[in-house]
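Pasting work-v3.cif here (mmCIF, C-alpha atoms; chains and numbers go by the auth columns):
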```cif
data_query
loop_
_atom_site.group_PDB
_atom_site.id
_atom_site.type_symbol
_atom_site.label_atom_id
_atom_site.label_comp_id
_atom_site.label_asym_id
_atom_site.label_seq_id
_atom_site.Cartn_x
_atom_site.Cartn_y
_atom_site.Cartn_z
_atom_site.B_iso_or_equiv
_atom_site.auth_seq_id
_atom_site.auth_asym_id
ATOM 1 C CA MET A 1 -32.397 75.768 52.790 0.00 5 A
ATOM 2 C CA LYS A 2 -32.987 77.955 55.841 0.00 6 A
ATOM 3 C CA LYS A 3 -32.036 81.626 55.731 0.00 7 A
ATOM 4 C CA ILE A 4 -30.776 83.487 58.793 0.00 8 A
ATOM 5 C CA LEU A 5 -30.365 87.253 58.975 0.00 9 A
ATOM 6 C CA ILE A 6 -27.859 88.574 61.526 0.00 10 A
ATOM 7 C CA VAL A 7 -28.360 92.252 62.452 0.00 11 A
ATOM 8 C CA ASP A 8 -25.811 94.069 64.582 0.00 12 A
ATOM 9 C CA ASP A 9 -23.860 97.301 64.235 0.00 13 A
ATOM 10 C CA SER A 10 -20.734 95.549 65.550 0.00 14 A
ATOM 11 C CA PRO A 11 -18.778 93.711 62.825 0.00 15 A
ATOM 12 C CA SER A 12 -17.068 91.587 65.491 0.00 16 A
ATOM 13 C CA ILE A 13 -20.424 90.329 66.809 0.00 17 A
ATOM 14 C CA ILE A 14 -21.577 89.495 63.276 0.00 18 A
ATOM 15 C CA THR A 15 -18.341 87.580 62.699 0.00 19 A
ATOM 16 C CA LEU A 16 -18.713 85.716 65.997 0.00 20 A
ATOM 17 C CA VAL A 17 -22.314 84.749 65.189 0.00 21 A
ATOM 18 C CA ARG A 18 -21.315 83.662 61.661 0.00 22 A
ATOM 19 C CA ILE A 19 -18.503 81.461 63.033 0.00 23 A
ATOM 20 C CA SER A 20 -20.791 80.048 65.740 0.00 24 A
ATOM 21 C CA LEU A 21 -23.374 79.010 63.135 0.00 25 A
ATOM 22 C CA SER A 22 -20.933 77.647 60.574 0.00 26 A
ATOM 23 C CA SER A 23 -21.580 74.046 61.626 0.00 27 A
ATOM 24 C CA ILE A 24 -25.284 74.149 60.677 0.00 28 A
ATOM 25 C CA ASP A 25 -25.998 72.435 57.360 0.00 29 A
ATOM 26 C CA ASN A 26 -28.282 73.904 54.700 0.00 30 A
ATOM 27 C CA VAL A 27 -28.238 77.451 56.072 0.00 31 A
ATOM 28 C CA GLU A 28 -27.600 80.665 54.188 0.00 32 A
ATOM 29 C CA LEU A 29 -26.481 83.607 56.323 0.00 33 A
ATOM 30 C CA PHE A 30 -27.212 87.256 55.582 0.00 34 A
ATOM 31 C CA GLU A 31 -25.745 90.239 57.437 0.00 35 A
ATOM 32 C CA ALA A 32 -26.998 93.752 58.135 0.00 36 A
ATOM 33 C CA SER A 33 -25.481 96.524 60.219 0.00 37 A
ATOM 34 C CA SER A 34 -28.753 98.400 60.749 0.00 38 A
ATOM 35 C CA GLY A 35 -32.485 97.870 60.971 0.00 39 A
ATOM 36 C CA GLU A 36 -32.996 99.676 57.674 0.00 40 A
ATOM 37 C CA HIS A 37 -30.539 97.395 55.875 0.00 41 A
ATOM 38 C CA ALA A 38 -32.174 94.363 57.499 0.00 42 A
ATOM 39 C CA LEU A 39 -35.578 95.373 56.124 0.00 43 A
ATOM 40 C CA GLU A 40 -34.107 95.661 52.619 0.00 44 A
ATOM 41 C CA ILE A 41 -32.734 92.130 52.915 0.00 45 A
ATOM 42 C CA ILE A 42 -36.022 90.800 54.305 0.00 46 A
ATOM 43 C CA ASN A 43 -38.008 92.451 51.518 0.00 47 A
ATOM 44 C CA ASN A 44 -35.693 90.904 48.900 0.00 48 A
ATOM 45 C CA ASN A 45 -35.713 87.459 50.584 0.00 49 A
ATOM 46 C CA ASN A 46 -39.241 86.786 51.785 0.00 50 A
ATOM 47 C CA ASP A 47 -38.220 83.374 53.040 0.00 51 A
ATOM 48 C CA ILE A 48 -35.971 84.455 55.923 0.00 52 A
ATOM 49 C CA SER A 49 -36.461 81.828 58.644 0.00 53 A
ATOM 50 C CA LEU A 50 -34.696 83.494 61.556 0.00 54 A
ATOM 51 C CA LEU A 51 -33.813 87.058 62.468 0.00 55 A
ATOM 52 C CA ILE A 52 -31.015 87.435 65.032 0.00 56 A
ATOM 53 C CA THR A 53 -30.915 91.074 66.087 0.00 57 A
ATOM 54 C CA ASP A 54 -29.257 93.440 68.496 0.00 58 A
ATOM 55 C CA LEU A 55 -31.535 96.076 70.040 0.00 59 A
ATOM 56 C CA MET A 56 -29.345 99.146 70.358 0.00 60 A
ATOM 57 C CA MET A 57 -28.258 100.278 66.889 0.00 61 A
ATOM 58 C CA PRO A 58 -28.017 103.687 65.215 0.00 62 A
ATOM 59 C CA GLY A 59 -30.973 104.547 63.004 0.00 63 A
ATOM 60 C CA MET A 60 -33.702 101.936 63.219 0.00 64 A
ATOM 61 C CA SER A 61 -33.291 100.049 66.496 0.00 65 A
ATOM 62 C CA GLY A 62 -33.822 96.347 66.915 0.00 66 A
ATOM 63 C CA TRP A 63 -37.051 97.148 68.771 0.00 67 A
ATOM 64 C CA ASP A 64 -38.358 99.015 65.721 0.00 68 A
ATOM 65 C CA LEU A 65 -37.189 96.268 63.383 0.00 69 A
ATOM 66 C CA ILE A 66 -39.048 93.613 65.377 0.00 70 A
ATOM 67 C CA LYS A 67 -42.151 95.814 65.539 0.00 71 A
ATOM 68 C CA THR A 68 -42.050 96.307 61.757 0.00 72 A
ATOM 69 C CA VAL A 69 -41.591 92.595 61.069 0.00 73 A
ATOM 70 C CA ARG A 70 -44.353 91.590 63.479 0.00 74 A
ATOM 71 C CA GLY A 71 -46.644 94.256 62.021 0.00 75 A
ATOM 72 C CA ASN A 72 -46.418 92.773 58.523 0.00 76 A
ATOM 73 C CA ILE A 73 -48.662 89.733 58.081 0.00 77 A
ATOM 74 C CA SER A 74 -46.447 88.288 55.342 0.00 78 A
ATOM 75 C CA LEU A 75 -43.404 88.334 57.675 0.00 79 A
ATOM 76 C CA LYS A 76 -44.982 86.954 60.851 0.00 80 A
ATOM 77 C CA ASN A 77 -43.493 83.504 60.205 0.00 81 A
ATOM 78 C CA ILE A 78 -39.956 84.815 60.840 0.00 82 A
ATOM 79 C CA ASN A 79 -38.616 83.682 64.206 0.00 83 A
ATOM 80 C CA VAL A 80 -36.776 86.361 66.179 0.00 84 A
ATOM 81 C CA LEU A 81 -33.826 85.895 68.512 0.00 85 A
ATOM 82 C CA ILE A 82 -32.687 88.995 70.384 0.00 86 A
ATOM 83 C CA LEU A 83 -28.963 89.140 71.040 0.00 87 A
ATOM 84 C CA THR A 84 -28.350 91.866 73.615 0.00 88 A
ATOM 85 C CA SER A 85 -26.489 93.055 76.660 0.00 89 A
ATOM 86 C CA GLU A 86 -29.541 95.145 77.683 0.00 90 A
ATOM 87 C CA TYR A 87 -31.370 92.682 79.914 0.00 91 A
ATOM 88 C CA THR A 88 -32.845 93.025 83.359 0.00 92 A
ATOM 89 C CA VAL A 89 -35.356 90.910 85.212 0.00 93 A
ATOM 90 C CA LEU A 90 -37.777 93.836 85.328 0.00 94 A
ATOM 91 C CA SER A 91 -37.746 94.317 81.574 0.00 95 A
ATOM 92 C CA SER A 92 -37.666 90.657 80.508 0.00 96 A
ATOM 93 C CA SER A 93 -41.397 90.595 79.742 0.00 97 A
ATOM 94 C CA LYS A 94 -40.873 93.517 77.355 0.00 98 A
ATOM 95 C CA TYR A 95 -38.692 91.309 75.160 0.00 99 A
ATOM 96 C CA TYR A 96 -41.363 88.661 74.756 0.00 100 A
ATOM 97 C CA GLU A 97 -44.151 91.230 74.389 0.00 101 A
ATOM 98 C CA SER A 98 -42.192 92.673 71.453 0.00 102 A
ATOM 99 C CA GLY A 99 -42.785 89.452 69.539 0.00 103 A
ATOM 100 C CA ALA A 100 -39.352 87.926 70.048 0.00 104 A
ATOM 101 C CA ASN A 101 -39.179 84.149 70.338 0.00 105 A
ATOM 102 C CA ASP A 102 -36.101 84.092 72.547 0.00 106 A
ATOM 103 C CA ILE A 103 -33.276 86.166 74.039 0.00 107 A
ATOM 104 C CA LEU A 104 -29.562 85.536 74.391 0.00 108 A
ATOM 105 C CA LEU A 105 -27.343 87.768 76.475 0.00 109 A
ATOM 106 C CA LYS A 106 -24.015 89.167 75.322 0.00 110 A
ATOM 107 C CA PRO A 107 -21.404 87.977 75.906 0.00 111 A
ATOM 108 C CA PHE A 108 -22.653 84.561 74.853 0.00 112 A
ATOM 109 C CA ARG A 109 -21.212 81.098 74.454 0.00 113 A
ATOM 110 C CA SER A 110 -21.210 79.779 70.893 0.00 114 A
ATOM 111 C CA GLU A 111 -22.738 76.492 72.030 0.00 115 A
ATOM 112 C CA ARG A 112 -25.694 78.307 73.606 0.00 116 A
ATOM 113 C CA LEU A 113 -26.291 80.370 70.453 0.00 117 A
ATOM 114 C CA LEU A 114 -26.177 77.252 68.331 0.00 118 A
ATOM 115 C CA GLN A 115 -28.665 75.515 70.630 0.00 119 A
ATOM 116 C CA LYS A 116 -31.142 78.410 70.497 0.00 120 A
ATOM 117 C CA VAL A 117 -30.831 78.741 66.720 0.00 121 A
ATOM 118 C CA ASN A 118 -31.445 75.013 66.211 0.00 122 A
ATOM 119 C CA GLU A 119 -34.534 75.227 68.444 0.00 123 A
ATOM 120 C CA LEU A 120 -35.926 78.160 66.442 0.00 124 A
ATOM 121 C CA LEU A 121 -35.232 76.640 63.041 0.00 125 A
#
```

Target encoding structure tokens, full file:
Amino acid sequence: MKKILIVDDSPSIITLVRISLSSIDNVELFEASSGEHALEIINNNNDISLLITDLMMPGMSGWDLIKTVRGNISLKNINVLILTSEYTVLSSSKYYESGANDILLKPFRSERLLQKVNELL
């Protein structure tokens, strides 16, 4: 069973992602409203397959969360999908340099999210 962690400070975005991914078989979804909470979940579930994270959150940002995950050798196998409205052509390389595998812009279509998640799993 694959485990996906959704990290966003917006409950409506978490709900939308959860509904969008409900058609995937053999997946367990986890939710966190902050980077700190996400790290707790990751540390208690070392077999998280995919991290879907917003960037702009109070406390630990998505940037810091990705940096922490990528800085830990035992967590480097976790794929990262950034879900953000903070995207410009000039900064696009920054997303990939952060260690993210892919980016999806908000607002997003459920079909596109599902496609990217299936590719990363």

Could you list, with a cut-off of 9 Å and counting only C-alpha atoms, the residues of segment 12-67 of chain A near segment 98-115 of chain A, each shown with its nearest atom pair and the distance in Å rounded to one decimal, rows sorted by chain and ascending number, as CSV?
```
residue,atom,partner,partner_atom,distance
A:Leu20,CA,A:Ser114,CA,8.1
A:Val21,CA,A:Ser114,CA,7.6
A:Ile23,CA,A:Ser114,CA,8.5
A:Ser24,CA,A:Ser114,CA,5.2
A:Leu25,CA,A:Ser114,CA,8.1
A:Trp67,CA,A:Ser102,CA,7.3
```

Residue subset to file, keeping C-alpha atoms, as an mmCIF file, keeping the file's coordinate frame:
```cif
data_model
loop_
_atom_site.group_PDB
_atom_site.id
_atom_site.type_symbol
_atom_site.label_atom_id
_atom_site.label_comp_id
_atom_site.auth_asym_id
_atom_site.auth_seq_id
_atom_site.Cartn_x
_atom_site.Cartn_y
_atom_site.Cartn_z
ATOM 1 C CA LEU A 20 -18.713 85.716 65.997
ATOM 2 C CA VAL A 21 -22.314 84.749 65.189
ATOM 3 C CA ILE A 23 -18.503 81.461 63.033
ATOM 4 C CA SER A 24 -20.791 80.048 65.740
ATOM 5 C CA LEU A 25 -23.374 79.010 63.135
ATOM 6 C CA TRP A 67 -37.051 97.148 68.771
#
```

Applying 8 Å and all atoms listed in the file, which residues near Ile56 of chain A remain after dropping the ones on its own chain fewer than 6 positions away? List them as a short mmCIF file (atom, residue, chain, number, x, y, z; two decimals) with C-alpha atoms, in the frame of the given file.
```
data_model
loop_
_atom_site.label_atom_id
_atom_site.label_comp_id
_atom_site.auth_asym_id
_atom_site.auth_seq_id
_atom_site.Cartn_x
_atom_site.Cartn_y
_atom_site.Cartn_z
CA ILE A 8 -30.78 83.49 58.79
CA LEU A 9 -30.36 87.25 58.98
CA ILE A 10 -27.86 88.57 61.53
CA VAL A 11 -28.36 92.25 62.45
CA VAL A 84 -36.78 86.36 66.18
CA LEU A 85 -33.83 85.90 68.51
CA ILE A 86 -32.69 89.00 70.38
CA LEU A 87 -28.96 89.14 71.04
#
```

Just checking: using all atoms listed in the file, which residue out of A:Ser89, A:Ser65, A:Gln119, A:Ser16 ends up closest to Glu35 of chain A?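 Of all the options, A:Ser16 lies closest to Glu35 of chain A.
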
Report, in Å to a single decimal, how far apart atom CA of Ser53 of chain A and atom CA of Leu69 of chain A are. 15.2 Å

Dig up all the protein and nucleic acid residues within 7 Å of (-32.0, 79.5, 63.2) in the file frame, using all atoms listed in the file, and format them as a list in words.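 All residues meeting the 7 Å criterion around (-32.0, 79.5, 63.2) are Ile8, Ser53, Leu54, Val121, Asn122, Leu124 and Leu125 of chain A.
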
Rounded to one decimal place, report the atom CA of Pro15 of chain A-atom CA of Ser38 of chain A distance in Å.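 If I compute the distance from atom CA of Pro15 of chain A to atom CA of Ser38 of chain A, I get 11.2 Å.
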